[in-house]
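Q: I'd like to ask you about the structure that follows.
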Amino acid sequence: MFETVFLGHQGWLIGTASTKVLLDPILTPEFSAVAGAGMKVFPPRRFDPAAAPALDAVIISHEHDDHFHLPSLNLISREVPLYLPANASWAMHRAAAAMGFQVRAMAGGETFTVGDLEVTAYSPDFRDVTTDEWDVMNFFFRDLQGHGSMFTNVDVPIAEPIMNALAKSSPKIRTYTNNFLDLGMFTNWLPRQGAEALLPDVVSLLQAQAARWGRPEVVLTCGGGWSHTGDLDWMNQACFPVDNERLAEALRVLGASPDLPVVGAVPGTRVELAYGKLKSVEEGVPWLRPAPRQEWPDRTFARSFPRRDRITPLSSDTSELSEVEERLLVERVEELGRRMAGSDLFLTLLSLTPEEAGRYARKFVLVLQTSAAGDGWVFEYSPASCGFVSATQEVDQYIGGAAMWARDFLDLMAGETTPGAVTFGHLLEWRFGEVMGKWPSFSFILWQELHPLSQPELREHFYRRQIAALAPAEPMFRGADGAQAWAASV
Ligand SMILES: [Fe+2]
């Protein structure tokens with residue numbers, strides 16, 4: 001028997017008759033580990049810890065907030081070995097050890113076994129991809145008894161060497177991560193997009209996979225597993241153009257079933273294989289099932305959603321900055337500016353022609369708001385100034401810019417919060433002129449500049465704060481006998 005159970009977002013239980021492993025679990029109703037982010041796991045679900053299986057290992061694919069989720073790891077018994085990417089920052093490894101886990105590092109291309117489950121962890125090829133998914137690993141799981149296998153590429157395209165490596169293995173269960181988000185309402189240049197922009201690409205991607213790897217038994221759609229609450233609940237209608245279940249439905253039609261047997265996974269969806277063939281697809285297991293549909297927040301996409309002209313603060317503290325904070329703000333902005341040499345924004349500003357810029361200054365403006373009325377600090381960035389300096393022109397005279405709350409910026413730069421929490425709803429970006437080519441996203445600069453591999457000290461601070469705030473919890477998942485023996489031996 002080989003089984004896969006969807007936990008929600010991009011979390012899975014992968015199991016054989018005698019081995020159970022979790023991948024990227026988010027086990028709490030809160031999606032973000034950042035207090036006040038107001039993000040909930042979607043669809044909502046019901047866990048019954050009393051019925052949960054004992055675990056042989058937990059594997060984390062990378063260090064993004066939605067995969068390495070400390071409040072969820074807190075619900076796992078510490079005797080369960082925790083496998084982390086060798087390429088992830090030391091902050092991640094230290095945080096896991098500080099929580100009491102025995103940590104094992106996975107190197108790209110390494111194969112290891114957990115019970116009768118063989119796991120191969122692949123590092124993607126980043127040479128042609130612009131991303132900040134630097135430490136991510138793809139995984140191929142194989143039941144040593146021969147009942148089944150699964151491959152997931154998590155958040156990145158599948159690199160050619162991995163396509164080749166798996167041609168013989170022919171993963172029986174594959175995943176499609178629906179990371180399709182529409183954040184066009186926070187910019188003035190991104191087109192608002194619906195499902196039509198995605199479907200043909202996904203069909204050809206899955207068909208190309210099938211051509212190389214043979215027909216899968218099942219493709220499971222996952223990802224985009226959160227909703228917004230509070231001030232940002234309107235984002236539920238604005239951000240998620242492609243519902244996972246409807247995506248699966250459309251792919252089944254367009255992909256000429258049965259060649260593309262796609263299932264829209266909801267929490268608790270369980271796929272079982274036996275002797276390499278699909279045995280069953282169930283909607284729910286004794287320990288996990290989706291909440292009744294009437295409890296699901298409405299995420300029906302409204303294409304006509306208006307662009308924003310105001311930003312919502314992430315921090316609940318919207319008081320004026322103190323003098324100390326003001327000095328710190330200037331310092332932090334200067335620091336960030338110095339680190340931006342060579343960034344996409346730096347390169348774009350260097351490259352803009354007078355025709356593209358038109359009447360706008362070939363500089364970037366950053367507005368750090370300190371009041372709801374829009375007052376705040378305004379800085380300009382240009383490669384020649386080697387960083388941010390005080391703005392010399394009106395905000396609308398710059399070719400492009402971004403705005404966020406000053407305190408959110410300070411929190412980011414102090415490791416109190418993460419780009420993952422700020423990007424969704426707390427940052428506004430714009431550009432003017434007839435800029436040819438891609439306009440760099442400031443939020444992407446923040447993702448890169450504040451990535452744990454860029455600033456591990458900041459992330460360590462964030463983890464320490466989180467760990468200190470975690471209450472001792474009854475584990476939702478206990479260690480299997482093998483895990484306990486393993487823990488006792490190290
Ligand atoms: Fe990621």
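As shown in the structure tokens, the chain order sets the letters A, B, ...; within each chain, residues go from 1, and ligands are also counted from 1 in the order they appear.
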List all protein, DNA and RNA residues that have any atom at most 7 Å from ligand 1, counting only C-alpha atoms and all ligand atoms, and write the list as a list in words.

A: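 Result of the 7 Å neighbour search around ligand 1: His62, His64, Glu133 and Asp155 of chain A.
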
Q: Just list as number ranges by chain whatever in segment 101-313 of chain A DSSP marks as strand (DSSP E).

A: A: 103-106, 110-114, 117-122, 138-143, 149-152, 173-177, 218-222, 226-228, 262-264, 269-274, 277-283, 288-290

Q: If you measure from atom CA of Pro456 of chain A to atom CA of Ser385 of chain A, what distance in Å do you get, rounded to one decimal?

A: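 Atom-to-atom, atom CA of Pro456 of chain A and atom CA of Ser385 of chain A are spaced 27.1 Å apart.
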
Q: With distances taken over only C-alpha atoms, which residue among A:Glu323, A:Glu429, A:Asp125, A:Asp48 lies nearest Phe186 of chain A?

A: A:Glu429

Q: Out of A:Asp344, A:Gly230, A:Gly284, A:Tyr176, which residue has the shortest atom-to-atom distance to Leu205 of chain A when counting only C-alpha atoms?

A: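 So, comparing all the options, the nearest one is A:Tyr176.
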
Q: Compare A:Thr353, A:Thr348, A:Ser371, A:Thr418 by their minimum atom-to-atom distance to Asp317 of chain A, counting only C-alpha atoms, and give me the closest one.

A: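 Among the listed residues, the smallest separation from Asp317 of chain A belongs to A:Ser371.
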
Q: From the set A:Gly401, A:Pro200, A:Gly38, A:Pro267, which residue has the shortest atom-to-atom contact distance to Gly425 of chain A, counting only C-alpha atoms?

A: A:Gly38

Q: Hey, can you check how far atom CA of Gly264 of chain A sits from atom CA of Ala167 of chain A?

A: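 For atom CA of Gly264 of chain A relative to atom CA of Ala167 of chain A, the distance reads 24.7 Å.
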
Q: With only C-alpha atoms as the counted atoms, please give the residues lying no more than 9 Å from Tyr381 of chain A, apart from itself and same-chain residues fewer than 6 positions off, as a tab-separated table (two decimals) with N, CA and C atoms, in the first residue's frame.

A:
```tsv
chain	number	residue	atom	x	y	z
A	337	GLY	N	19.22	50.15	0.88
A	337	GLY	CA	19.65	50.75	-0.38
A	337	GLY	C	21.05	50.29	-0.78
A	346	PHE	N	17.97	48.11	-9.55
A	346	PHE	CA	19.22	48.81	-9.86
A	346	PHE	C	19.49	48.70	-11.37
A	363	LYS	N	14.49	57.39	-11.19
A	363	LYS	CA	14.78	57.03	-9.80
A	363	LYS	C	13.54	56.38	-9.21
A	364	PHE	N	13.75	55.65	-8.14
A	364	PHE	CA	12.65	54.92	-7.50
A	364	PHE	C	12.32	55.62	-6.18
A	365	VAL	N	11.03	55.75	-5.90
A	365	VAL	CA	10.64	56.45	-4.67
A	365	VAL	C	10.02	55.45	-3.68
A	366	LEU	N	10.42	55.56	-2.43
A	366	LEU	CA	9.89	54.69	-1.38
A	366	LEU	C	9.19	55.56	-0.34
A	387	GLY	N	22.32	54.14	-3.05
A	387	GLY	CA	21.38	53.80	-1.99
A	387	GLY	C	20.24	54.80	-1.94
A	388	PHE	N	19.49	54.77	-0.84
A	388	PHE	CA	18.36	55.69	-0.66
A	388	PHE	C	18.85	57.00	-0.02
A	389	VAL	N	18.31	58.09	-0.53
A	389	VAL	CA	18.53	59.39	0.10
A	389	VAL	C	17.16	60.06	0.22
A	390	SER	N	17.10	61.19	0.93
A	390	SER	CA	15.82	61.90	1.04
A	390	SER	C	15.32	62.30	-0.33
A	391	ALA	N	14.02	62.19	-0.54
A	391	ALA	CA	13.45	62.49	-1.85
A	391	ALA	C	13.66	63.97	-2.18
```

Q: Please run DSSP on the backbone and report, as an MDAnalysis selection string, all residues within segment 276-481 of chain A that come out as alpha helix (DSSP H).

A: chainID A and resid 323:339 344:351 354:357 406:413 419:423 442:449 456:469 481

Q: Nearest to Ser123 of chain A: which of A:Asn87, A:Gln102, A:Thr269, A:Thr111 is it, counting only C-alpha atoms?

A: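 Among the listed residues, A:Asn87 lies closest to Ser123 of chain A.
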
Q: Need to verify the contact set: Thr417 of chain A, 12 Å, only C-alpha atoms, exclusion of same-chain residues closer than 2 positions in sequence. Can you return it as JSON, numbers by chain?

A: {"A": [32, 33, 34, 35, 36, 37, 65, 314, 315, 407, 408, 409, 410, 411, 412, 413, 414, 415, 419, 420, 421, 422, 423, 446, 447, 450, 451, 458, 459, 460, 461, 462, 463, 465, 466]}

Q: So, with only C-alpha atoms as the atoms that count, which of A:Arg339, A:Arg174, A:Arg289, A:Arg308 lies closest to Leu260 of chain A?

A: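 Among A:Arg339, A:Arg174, A:Arg289, A:Arg308, it is A:Arg174 that comes nearest to Leu260 of chain A.
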
Q: May I have the residues within 9 Å of segment 292-300 of chain A as a CSV table (one decimal) with N, CA and C atoms, in the first residue's frame, using only C-alpha atoms and disregarding those fewer than 5 positions away in the same chain?

A:
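So the final result, stored in part18.csv, reads:
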```csv
chain,number,residue,atom,x,y,z
A,42,PHE,N,-6.9,27.6,4.2
A,42,PHE,CA,-8.1,27.4,3.3
A,42,PHE,C,-7.8,26.2,2.5
A,43,PRO,N,-8.8,25.3,2.3
A,43,PRO,CA,-10.1,25.2,3.0
A,43,PRO,C,-9.9,24.9,4.5
A,44,PRO,N,-10.8,25.4,5.4
A,44,PRO,CA,-10.7,25.0,6.8
A,44,PRO,C,-10.9,23.5,7.0
A,45,ARG,N,-10.4,23.0,8.0
A,45,ARG,CA,-10.4,21.5,8.2
A,45,ARG,C,-10.6,21.1,9.6
A,227,SER,N,-6.8,31.9,3.3
A,227,SER,CA,-7.7,33.0,3.0
A,227,SER,C,-7.4,34.2,4.0
A,228,HIS,N,-8.0,35.3,3.7
A,228,HIS,CA,-7.7,36.5,4.5
A,228,HIS,C,-8.9,36.8,5.4
A,235,MET,N,-9.6,40.6,0.0
A,235,MET,CA,-8.6,39.9,-0.8
A,235,MET,C,-9.0,38.5,-1.2
A,236,ASN,N,-10.0,37.9,-0.5
A,236,ASN,CA,-10.4,36.6,-0.9
A,236,ASN,C,-11.1,36.6,-2.2
A,237,GLN,N,-11.7,37.7,-2.6
A,237,GLN,CA,-12.3,37.8,-3.9
A,237,GLN,C,-11.4,38.4,-5.0
A,238,ALA,N,-10.2,38.9,-4.5
A,238,ALA,CA,-9.3,39.6,-5.5
A,238,ALA,C,-8.1,38.8,-5.8
A,239,CYS,N,-7.7,37.9,-5.0
A,239,CYS,CA,-6.3,37.3,-5.1
A,239,CYS,C,-6.2,35.9,-5.7
A,240,PHE,N,-7.3,35.2,-5.7
A,240,PHE,CA,-7.2,33.7,-6.0
A,240,PHE,C,-8.1,33.5,-7.3
A,241,PRO,N,-7.5,33.7,-8.4
A,241,PRO,CA,-8.3,33.5,-9.6
A,241,PRO,C,-8.6,32.1,-10.0
A,243,ASP,N,-9.4,28.4,-8.5
A,243,ASP,CA,-9.8,27.5,-7.4
A,243,ASP,C,-9.2,26.1,-7.7
```

Q: Neighbours of segment 67-69 of chain A within 10 Å (only C-alpha atoms; same-chain residues fewer than 2 positions away dropped), as a PDB file with C-alpha atoms, in the first residue's frame?

A:
```pdb
ATOM      1  CA  HIS A   9      -1.820  24.239   1.156  1.00  0.00           C
ATOM      2  CA  GLN A  10       1.299  22.215   0.239  1.00  0.00           C
ATOM      3  CA  GLY A  11       1.367  19.781   3.132  1.00  0.00           C
ATOM      4  CA  LEU A  23       5.998  16.979   4.219  1.00  0.00           C
ATOM      5  CA  ASP A  24       5.638  20.733   4.907  1.00  0.00           C
ATOM      6  CA  PRO A  25       2.847  20.471   7.465  1.00  0.00           C
ATOM      7  CA  ILE A  26       0.748  23.459   8.481  1.00  0.00           C
ATOM      8  CA  LEU A  27      -1.335  22.014  11.289  1.00  0.00           C
ATOM      9  CA  THR A  28      -2.785  25.136  12.922  1.00  0.00           C
ATOM     10  CA  PHE A  31      -1.639  30.097   8.085  1.00  0.00           C
ATOM     11  CA  SER A  32       0.964  32.723   8.920  1.00  0.00           C
ATOM     12  CA  ALA A  33       3.269  32.477  11.897  1.00  0.00           C
ATOM     13  CA  ILE A  59      10.484  16.657   5.946  1.00  0.00           C
ATOM     14  CA  ILE A  60      10.581  20.376   5.196  1.00  0.00           C
ATOM     15  CA  SER A  61      11.174  21.424   1.599  1.00  0.00           C
ATOM     16  CA  HIS A  62      12.419  24.974   2.248  1.00  0.00           C
ATOM     17  CA  GLU A  63      12.487  27.901   4.589  1.00  0.00           C
ATOM     18  CA  HIS A  64       9.552  29.969   3.353  1.00  0.00           C
ATOM     19  CA  ASP A  65       6.971  30.766   6.045  1.00  0.00           C
ATOM     20  CA  PRO A  71       3.637  26.554  15.407  1.00  0.00           C
ATOM     21  CA  SER A  72       2.920  23.367  13.438  1.00  0.00           C
ATOM     22  CA  LEU A  73       6.209  21.690  14.305  1.00  0.00           C
ATOM     23  CA  ASN A  74       5.289  22.422  17.924  1.00  0.00           C
ATOM     24  CA  LEU A  84      15.803  19.964   6.526  1.00  0.00           C
ATOM     25  CA  MET A  92      16.413  27.218  10.225  1.00  0.00           C
ATOM     26  CA  ALA A  96      14.584  23.253  14.747  1.00  0.00           C
ATOM     27  CA  VAL A 136      13.802  24.488  -1.998  1.00  0.00           C
ATOM     28  CA  VAL A 154       6.913  22.145  -4.494  1.00  0.00           C
ATOM     29  CA  TYR A 463      12.385  32.184  15.130  1.00  0.00           C
ATOM     30  CA  GLN A 466       8.236  32.568  17.839  1.00  0.00           C
TER      31      GLN A 466
END
```

Q: To one decimal in Å, tell me the separation between atom CA of Glu335 of chain A and atom CA of Leu190 of chain A.

A: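 Taking atom CA of Glu335 of chain A as the start and atom CA of Leu190 of chain A as the end point, the length is 28.4 Å.
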
Q: If we count only C-alpha atoms and set the cut-off at 12 Å, which residues sit around Asp481 of chain A, ignoring sequence neighbours fewer than 4 positions away in its own chain? Please answer as number ranges by chain.

A: A: 18-20, 53-57, 79-81, 115, 485-488
